[in-house]
Amino acid sequence: MNYIVCQEPGTFLLKEGDMPQPKEGESLLRIRKIGICGTDIHAFGGRQPYFNYPRVLGHELAAEYVSGKAKGFKKGDAVSFIPYFNCGTCVACRNGLTNCCSSIQVFGVHIDGGMAEYVVVPDAYLLHGEGLDFDELALVEPLAIAAHGIRRAGVRAGETVLVMGAGPIGIGLIQFAQQVGAQVIVLDVNTHRLDFCKNELGVCAKINPLNEDVIERLSALTNDDMPTVAIDATGNRNVMNNAFQYLAHGGRYVLVGLQKGELVFSHPEFHKRESTLMSSRNATREDFEYVIESIKSGKINPKKYITHRINFKDLPADFETLIAPENNVIKALVELNE
């Protein structure tokens, strides 16, 4: 079979290898669609924590069930899976926090992932397609991360939520915050994405920090209250550090984005607000099931995010076109030939 490996930062190679062979308790899947995500982009750029090279990337995946003994699955079924393999015994796992297992193995990050024609997956992580098509299934994982972030933040109806970063994760955060009745303000430097959030998602306001004073604008939009929830989906150190100033007193700040450096903020400013700072990592089965149901019921339509498609074998040569700002990519899908 063919697979694509990120050999080192800035280099993808198309290679040929043996077909994977499932063991007891595993199933063989044929990959049909692969979503390109921030993790892949950061890995390609050499900015991804928890990472070693060479690595086969890819964990936003839609697949076809090929073979195995997984209960309730049969050959030809459209499937996806939870790409966070947890140990089951650490303190996090014992407390149901499988998404932040102390020895987690994330598909396409800690171990080789799904940029391949076929993969083997433990049966326990499989997800039924539930009538979703391959485009929709490829976007379940990033939406699950967003759903988990909103659940982690405890967003309530009537709150004002600031979402920083209008990429696919940020878009998911916006929609799930809106789904529970929050008013959402989006911040980004990409005018195309800001316009998408305003015109397609109906955010109450958009802010571009390149040409607006963020604190002044937030103060005006919230009648001087400031947002009660701020969520970072940029993974940008400067944005993360600046956002401590954007919080309401008693506010919560949730880090969904990830970067390599340190957080730096004024302790007195943080303390006087009695702020809450938390991270949000990956997602749980509950989040995945919530996303699938949201798509099935029509509350979320992830297909509107898809702006670009690329053939699997063209990815090594053309990947950089997907991250060029002038191409206005919101979500790119890699497609494997029928």
# chains A, B, ... in the order shown; residues from 1 in each chain; ligands from 1
$ closest_atom_pairs --of "range 67-156 of chain A" --to "range 283-291 of chain A" --cutoff "6 Å" --atoms "only C-alpha atoms" --output "Markdown table"
| residue | atom | partner | partner_atom | distance |
| --- | --- | --- | --- | --- |
| A:Asn99 | CA | A:Ala283 | CA | 5.3 |
| A:Ala144 | CA | A:Phe288 | CA | 5.1 |
| A:Ile145 | CA | A:Ala283 | CA | 5.2 |
| A:His148 | CA | A:Ala283 | CA | 5.5 |
$ write_last_selection --atoms "all heavy atoms" --output "compact mmCIF listing (two decimals), in the first residue's frame"
# COMPACT_ATOMS: atom_id res chain seq x y z
N ASN A 99 -9.16 11.25 27.61
CA ASN A 99 -8.60 12.21 26.65
C ASN A 99 -7.26 12.77 27.10
O ASN A 99 -6.51 13.31 26.28
CB ASN A 99 -9.58 13.37 26.45
CG ASN A 99 -9.90 14.08 27.76
OD1 ASN A 99 -10.44 13.47 28.67
ND2 ASN A 99 -9.60 15.36 27.84
N ALA A 144 -15.23 17.22 17.63
CA ALA A 144 -15.25 16.66 18.98
C ALA A 144 -14.32 17.45 19.90
O ALA A 144 -14.63 17.67 21.08
CB ALA A 144 -14.87 15.19 18.95
N ILE A 145 -13.17 17.87 19.38
CA ILE A 145 -12.26 18.72 20.16
C ILE A 145 -12.96 20.02 20.55
O ILE A 145 -12.86 20.48 21.69
CB ILE A 145 -10.97 18.99 19.36
CG1 ILE A 145 -10.13 17.72 19.28
CG2 ILE A 145 -10.17 20.13 19.99
CD1 ILE A 145 -8.89 17.86 18.44
N HIS A 148 -15.65 19.37 23.17
CA HIS A 148 -15.03 19.15 24.48
C HIS A 148 -14.60 20.47 25.11
O HIS A 148 -14.77 20.68 26.32
CB HIS A 148 -13.82 18.21 24.34
CG HIS A 148 -13.23 17.82 25.64
ND1 HIS A 148 -13.80 16.86 26.46
CD2 HIS A 148 -12.12 18.25 26.30
CE1 HIS A 148 -13.06 16.71 27.55
NE2 HIS A 148 -12.04 17.55 27.48
$ select_by_dssp --residues "range 59-179 of chain A" --states "alpha helix (DSSP H)" --output "PDB file with N, CA, C and O atoms, in the first residue's frame"
ATOM      1  N   VAL A  91      -4.261   7.418  36.536  1.00  0.00           N
ATOM      2  CA  VAL A  91      -5.230   8.150  37.351  1.00  0.00           C
ATOM      3  C   VAL A  91      -6.268   8.862  36.491  1.00  0.00           C
ATOM      4  O   VAL A  91      -7.462   8.919  36.851  1.00  0.00           O
ATOM      5  N   ALA A  92      -5.845   9.403  35.329  1.00  0.00           N
ATOM      6  CA  ALA A  92      -6.805  10.063  34.450  1.00  0.00           C
ATOM      7  C   ALA A  92      -7.817   9.060  33.906  1.00  0.00           C
ATOM      8  O   ALA A  92      -9.033   9.308  33.935  1.00  0.00           O
ATOM      9  N   CYS A  93      -7.338   7.938  33.426  1.00  0.00           N
ATOM     10  CA  CYS A  93      -8.235   6.916  32.875  1.00  0.00           C
ATOM     11  C   CYS A  93      -9.188   6.377  33.936  1.00  0.00           C
ATOM     12  O   CYS A  93     -10.375   6.153  33.673  1.00  0.00           O
ATOM     13  N   ARG A  94      -8.676   6.171  35.146  1.00  0.00           N
ATOM     14  CA  ARG A  94      -9.527   5.661  36.224  1.00  0.00           C
ATOM     15  C   ARG A  94     -10.637   6.633  36.582  1.00  0.00           C
ATOM     16  O   ARG A  94     -11.684   6.231  37.099  1.00  0.00           O
ATOM     17  N   PHE A 134     -18.588  10.261   4.012  1.00  0.00           N
ATOM     18  CA  PHE A 134     -17.158  10.294   4.324  1.00  0.00           C
ATOM     19  C   PHE A 134     -16.673  11.721   4.602  1.00  0.00           C
ATOM     20  O   PHE A 134     -15.788  11.919   5.442  1.00  0.00           O
ATOM     21  N   ASP A 135     -17.218  12.713   3.903  1.00  0.00           N
ATOM     22  CA  ASP A 135     -16.848  14.099   4.198  1.00  0.00           C
ATOM     23  C   ASP A 135     -17.175  14.441   5.649  1.00  0.00           C
ATOM     24  O   ASP A 135     -16.358  15.022   6.379  1.00  0.00           O
ATOM     25  N   GLU A 136     -18.387  14.111   6.064  1.00  0.00           N
ATOM     26  CA  GLU A 136     -18.817  14.426   7.428  1.00  0.00           C
ATOM     27  C   GLU A 136     -18.011  13.664   8.464  1.00  0.00           C
ATOM     28  O   GLU A 136     -17.596  14.221   9.491  1.00  0.00           O
ATOM     29  N   LEU A 137     -17.755  12.394   8.195  1.00  0.00           N
ATOM     30  CA  LEU A 137     -17.010  11.575   9.158  1.00  0.00           C
ATOM     31  C   LEU A 137     -15.580  12.081   9.349  1.00  0.00           C
ATOM     32  O   LEU A 137     -15.028  11.997  10.445  1.00  0.00           O
ATOM     33  N   ALA A 138     -14.994  12.625   8.293  1.00  0.00           N
ATOM     34  CA  ALA A 138     -13.621  13.135   8.408  1.00  0.00           C
ATOM     35  C   ALA A 138     -13.549  14.359   9.313  1.00  0.00           C
ATOM     36  O   ALA A 138     -12.465  14.708   9.795  1.00  0.00           O
ATOM     37  N   VAL A 140     -15.560  14.788  12.092  1.00  0.00           N
ATOM     38  CA  VAL A 140     -16.073  14.499  13.431  1.00  0.00           C
ATOM     39  C   VAL A 140     -15.005  14.762  14.495  1.00  0.00           C
ATOM     40  O   VAL A 140     -15.286  15.356  15.546  1.00  0.00           O
ATOM     41  N   GLU A 141     -13.766  14.352  14.242  1.00  0.00           N
ATOM     42  CA  GLU A 141     -12.716  14.498  15.271  1.00  0.00           C
ATOM     43  C   GLU A 141     -12.432  15.957  15.631  1.00  0.00           C
ATOM     44  O   GLU A 141     -12.432  16.297  16.832  1.00  0.00           O
ATOM     45  N   PRO A 142     -12.203  16.865  14.669  1.00  0.00           N
ATOM     46  CA  PRO A 142     -11.974  18.253  15.079  1.00  0.00           C
ATOM     47  C   PRO A 142     -13.191  18.878  15.755  1.00  0.00           C
ATOM     48  O   PRO A 142     -13.046  19.702  16.667  1.00  0.00           O
ATOM     49  N   LEU A 143     -14.383  18.488  15.330  1.00  0.00           N
ATOM     50  CA  LEU A 143     -15.582  18.998  15.988  1.00  0.00           C
ATOM     51  C   LEU A 143     -15.704  18.451  17.406  1.00  0.00           C
ATOM     52  O   LEU A 143     -16.203  19.144  18.312  1.00  0.00           O
ATOM     53  N   ALA A 144     -15.235  17.223  17.626  1.00  0.00           N
ATOM     54  CA  ALA A 144     -15.255  16.665  18.982  1.00  0.00           C
ATOM     55  C   ALA A 144     -14.318  17.451  19.901  1.00  0.00           C
ATOM     56  O   ALA A 144     -14.627  17.674  21.085  1.00  0.00           O
ATOM     57  N   ILE A 145     -13.171  17.873  19.376  1.00  0.00           N
ATOM     58  CA  ILE A 145     -12.261  18.716  20.160  1.00  0.00           C
ATOM     59  C   ILE A 145     -12.962  20.015  20.546  1.00  0.00           C
ATOM     60  O   ILE A 145     -12.861  20.483  21.688  1.00  0.00           O
ATOM     61  N   ALA A 146     -13.689  20.599  19.602  1.00  0.00           N
ATOM     62  CA  ALA A 146     -14.415  21.840  19.883  1.00  0.00           C
ATOM     63  C   ALA A 146     -15.523  21.607  20.903  1.00  0.00           C
ATOM     64  O   ALA A 146     -15.694  22.395  21.845  1.00  0.00           O
ATOM     65  N   ALA A 147     -16.274  20.536  20.729  1.00  0.00           N
ATOM     66  CA  ALA A 147     -17.350  20.233  21.671  1.00  0.00           C
ATOM     67  C   ALA A 147     -16.799  20.027  23.078  1.00  0.00           C
ATOM     68  O   ALA A 147     -17.402  20.472  24.065  1.00  0.00           O
ATOM     69  N   HIS A 148     -15.652  19.370  23.173  1.00  0.00           N
ATOM     70  CA  HIS A 148     -15.027  19.146  24.476  1.00  0.00           C
ATOM     71  C   HIS A 148     -14.597  20.469  25.106  1.00  0.00           C
ATOM     72  O   HIS A 148     -14.767  20.678  26.316  1.00  0.00           O
ATOM     73  N   GLY A 149     -14.066  21.372  24.283  1.00  0.00           N
ATOM     74  CA  GLY A 149     -13.645  22.674  24.794  1.00  0.00           C
ATOM     75  C   GLY A 149     -14.804  23.472  25.370  1.00  0.00           C
ATOM     76  O   GLY A 149     -14.675  24.110  26.422  1.00  0.00           O
ATOM     77  N   ILE A 150     -15.954  23.436  24.704  1.00  0.00           N
ATOM     78  CA  ILE A 150     -17.130  24.149  25.196  1.00  0.00           C
ATOM     79  C   ILE A 150     -17.653  23.493  26.473  1.00  0.00           C
ATOM     80  O   ILE A 150     -18.035  24.174  27.438  1.00  0.00           O
ATOM     81  N   ARG A 151     -17.635  22.173  26.512  1.00  0.00           N
ATOM     82  CA  ARG A 151     -18.072  21.468  27.725  1.00  0.00           C
ATOM     83  C   ARG A 151     -17.117  21.748  28.876  1.00  0.00           C
ATOM     84  O   ARG A 151     -17.531  21.948  30.023  1.00  0.00           O
ATOM     85  N   ARG A 152     -15.823  21.784  28.569  1.00  0.00           N
ATOM     86  CA  ARG A 152     -14.811  22.070  29.591  1.00  0.00           C
ATOM     87  C   ARG A 152     -15.000  23.471  30.163  1.00  0.00           C
ATOM     88  O   ARG A 152     -14.854  23.692  31.362  1.00  0.00           O
ATOM     89  N   ALA A 153     -15.352  24.419  29.314  1.00  0.00           N
ATOM     90  CA  ALA A 153     -15.553  25.800  29.742  1.00  0.00           C
ATOM     91  C   ALA A 153     -16.856  25.986  30.513  1.00  0.00           C
ATOM     92  O   ALA A 153     -17.044  27.016  31.166  1.00  0.00           O
ATOM     93  N   PRO A 168     -10.813  25.672  11.595  1.00  0.00           N
ATOM     94  CA  PRO A 168     -11.854  24.658  11.798  1.00  0.00           C
ATOM     95  C   PRO A 168     -12.196  24.400  13.258  1.00  0.00           C
ATOM     96  O   PRO A 168     -13.372  24.239  13.590  1.00  0.00           O
ATOM     97  N   ILE A 169     -11.201  24.361  14.151  1.00  0.00           N
ATOM     98  CA  ILE A 169     -11.503  24.161  15.571  1.00  0.00           C
ATOM     99  C   ILE A 169     -12.272  25.361  16.107  1.00  0.00           C
ATOM    100  O   ILE A 169     -13.279  25.217  16.820  1.00  0.00           O
ATOM    101  N   GLY A 170     -11.813  26.566  15.777  1.00  0.00           N
ATOM    102  CA  GLY A 170     -12.503  27.766  16.223  1.00  0.00           C
ATOM    103  C   GLY A 170     -13.932  27.829  15.712  1.00  0.00           C
ATOM    104  O   GLY A 170     -14.850  28.220  16.445  1.00  0.00           O
ATOM    105  N   ILE A 171     -14.133  27.439  14.471  1.00  0.00           N
ATOM    106  CA  ILE A 171     -15.482  27.425  13.902  1.00  0.00           C
ATOM    107  C   ILE A 171     -16.369  26.452  14.667  1.00  0.00           C
ATOM    108  O   ILE A 171     -17.532  26.737  14.965  1.00  0.00           O
ATOM    109  N   GLY A 172     -15.810  25.294  15.010  1.00  0.00           N
ATOM    110  CA  GLY A 172     -16.564  24.340  15.820  1.00  0.00           C
ATOM    111  C   GLY A 172     -16.889  24.901  17.192  1.00  0.00           C
ATOM    112  O   GLY A 172     -18.013  24.745  17.694  1.00  0.00           O
ATOM    113  N   LEU A 173     -15.933  25.568  17.817  1.00  0.00           N
ATOM    114  CA  LEU A 173     -16.183  26.201  19.117  1.00  0.00           C
ATOM    115  C   LEU A 173     -17.318  27.210  19.030  1.00  0.00           C
ATOM    116  O   LEU A 173     -18.184  27.275  19.908  1.00  0.00           O
ATOM    117  N   ILE A 174     -17.307  27.996  17.962  1.00  0.00           N
ATOM    118  CA  ILE A 174     -18.373  28.982  17.767  1.00  0.00           C
ATOM    119  C   ILE A 174     -19.729  28.293  17.707  1.00  0.00           C
ATOM    120  O   ILE A 174     -20.684  28.682  18.396  1.00  0.00           O
ATOM    121  N   GLN A 175     -19.819  27.255  16.897  1.00  0.00           N
ATOM    122  CA  GLN A 175     -21.121  26.621  16.696  1.00  0.00           C
ATOM    123  C   GLN A 175     -21.625  25.905  17.939  1.00  0.00           C
ATOM    124  O   GLN A 175     -22.821  25.951  18.247  1.00  0.00           O
ATOM    125  N   PHE A 176     -20.743  25.265  18.672  1.00  0.00           N
ATOM    126  CA  PHE A 176     -21.199  24.576  19.873  1.00  0.00           C
ATOM    127  C   PHE A 176     -21.516  25.555  20.998  1.00  0.00           C
ATOM    128  O   PHE A 176     -22.411  25.301  21.817  1.00  0.00           O
ATOM    129  N   ALA A 177     -20.807  26.683  21.049  1.00  0.00           N
ATOM    130  CA  ALA A 177     -21.165  27.728  22.014  1.00  0.00           C
ATOM    131  C   ALA A 177     -22.538  28.298  21.672  1.00  0.00           C
ATOM    132  O   ALA A 177     -23.378  28.523  22.560  1.00  0.00           O
ATOM    133  N   GLN A 178     -22.787  28.549  20.401  1.00  0.00           N
ATOM    134  CA  GLN A 178     -24.092  29.044  19.975  1.00  0.00           C
ATOM    135  C   GLN A 178     -25.189  28.027  20.276  1.00  0.00           C
ATOM    136  O   GLN A 178     -26.314  28.392  20.623  1.00  0.00           O
ATOM    137  N   GLN A 179     -24.854  26.740  20.142  1.00  0.00           N
ATOM    138  CA  GLN A 179     -25.834  25.686  20.346  1.00  0.00           C
ATOM    139  C   GLN A 179     -26.374  25.673  21.775  1.00  0.00           C
ATOM    140  O   GLN A 179     -27.520  25.274  22.002  1.00  0.00           O
TER     141      GLN A 179
END
$ closest_residue --among "A:Asn223, A:Thr228, A:Thr191, A:Asn282" --to "Leu210 in chain A" --atoms "only C-alpha atoms"
A:Thr191
$ closest_residue --among "A:Thr307, A:Ala248, A:Val109, A:Ala220" --to "Val161 in chain A" --atoms "only C-alpha atoms"
A:Ala248
$ closest_residue --among "A:Glu335, A:Glu262, A:Glu130, A:Glu159" --to "Gln183 in chain A" --atoms "only C-alpha atoms"
A:Glu159
$ closest_residue --among "A:Leu61, A:Arg193, A:Ala43, A:His128" --to "Glu326 in chain A" --atoms "only C-alpha atoms"
A:Arg193
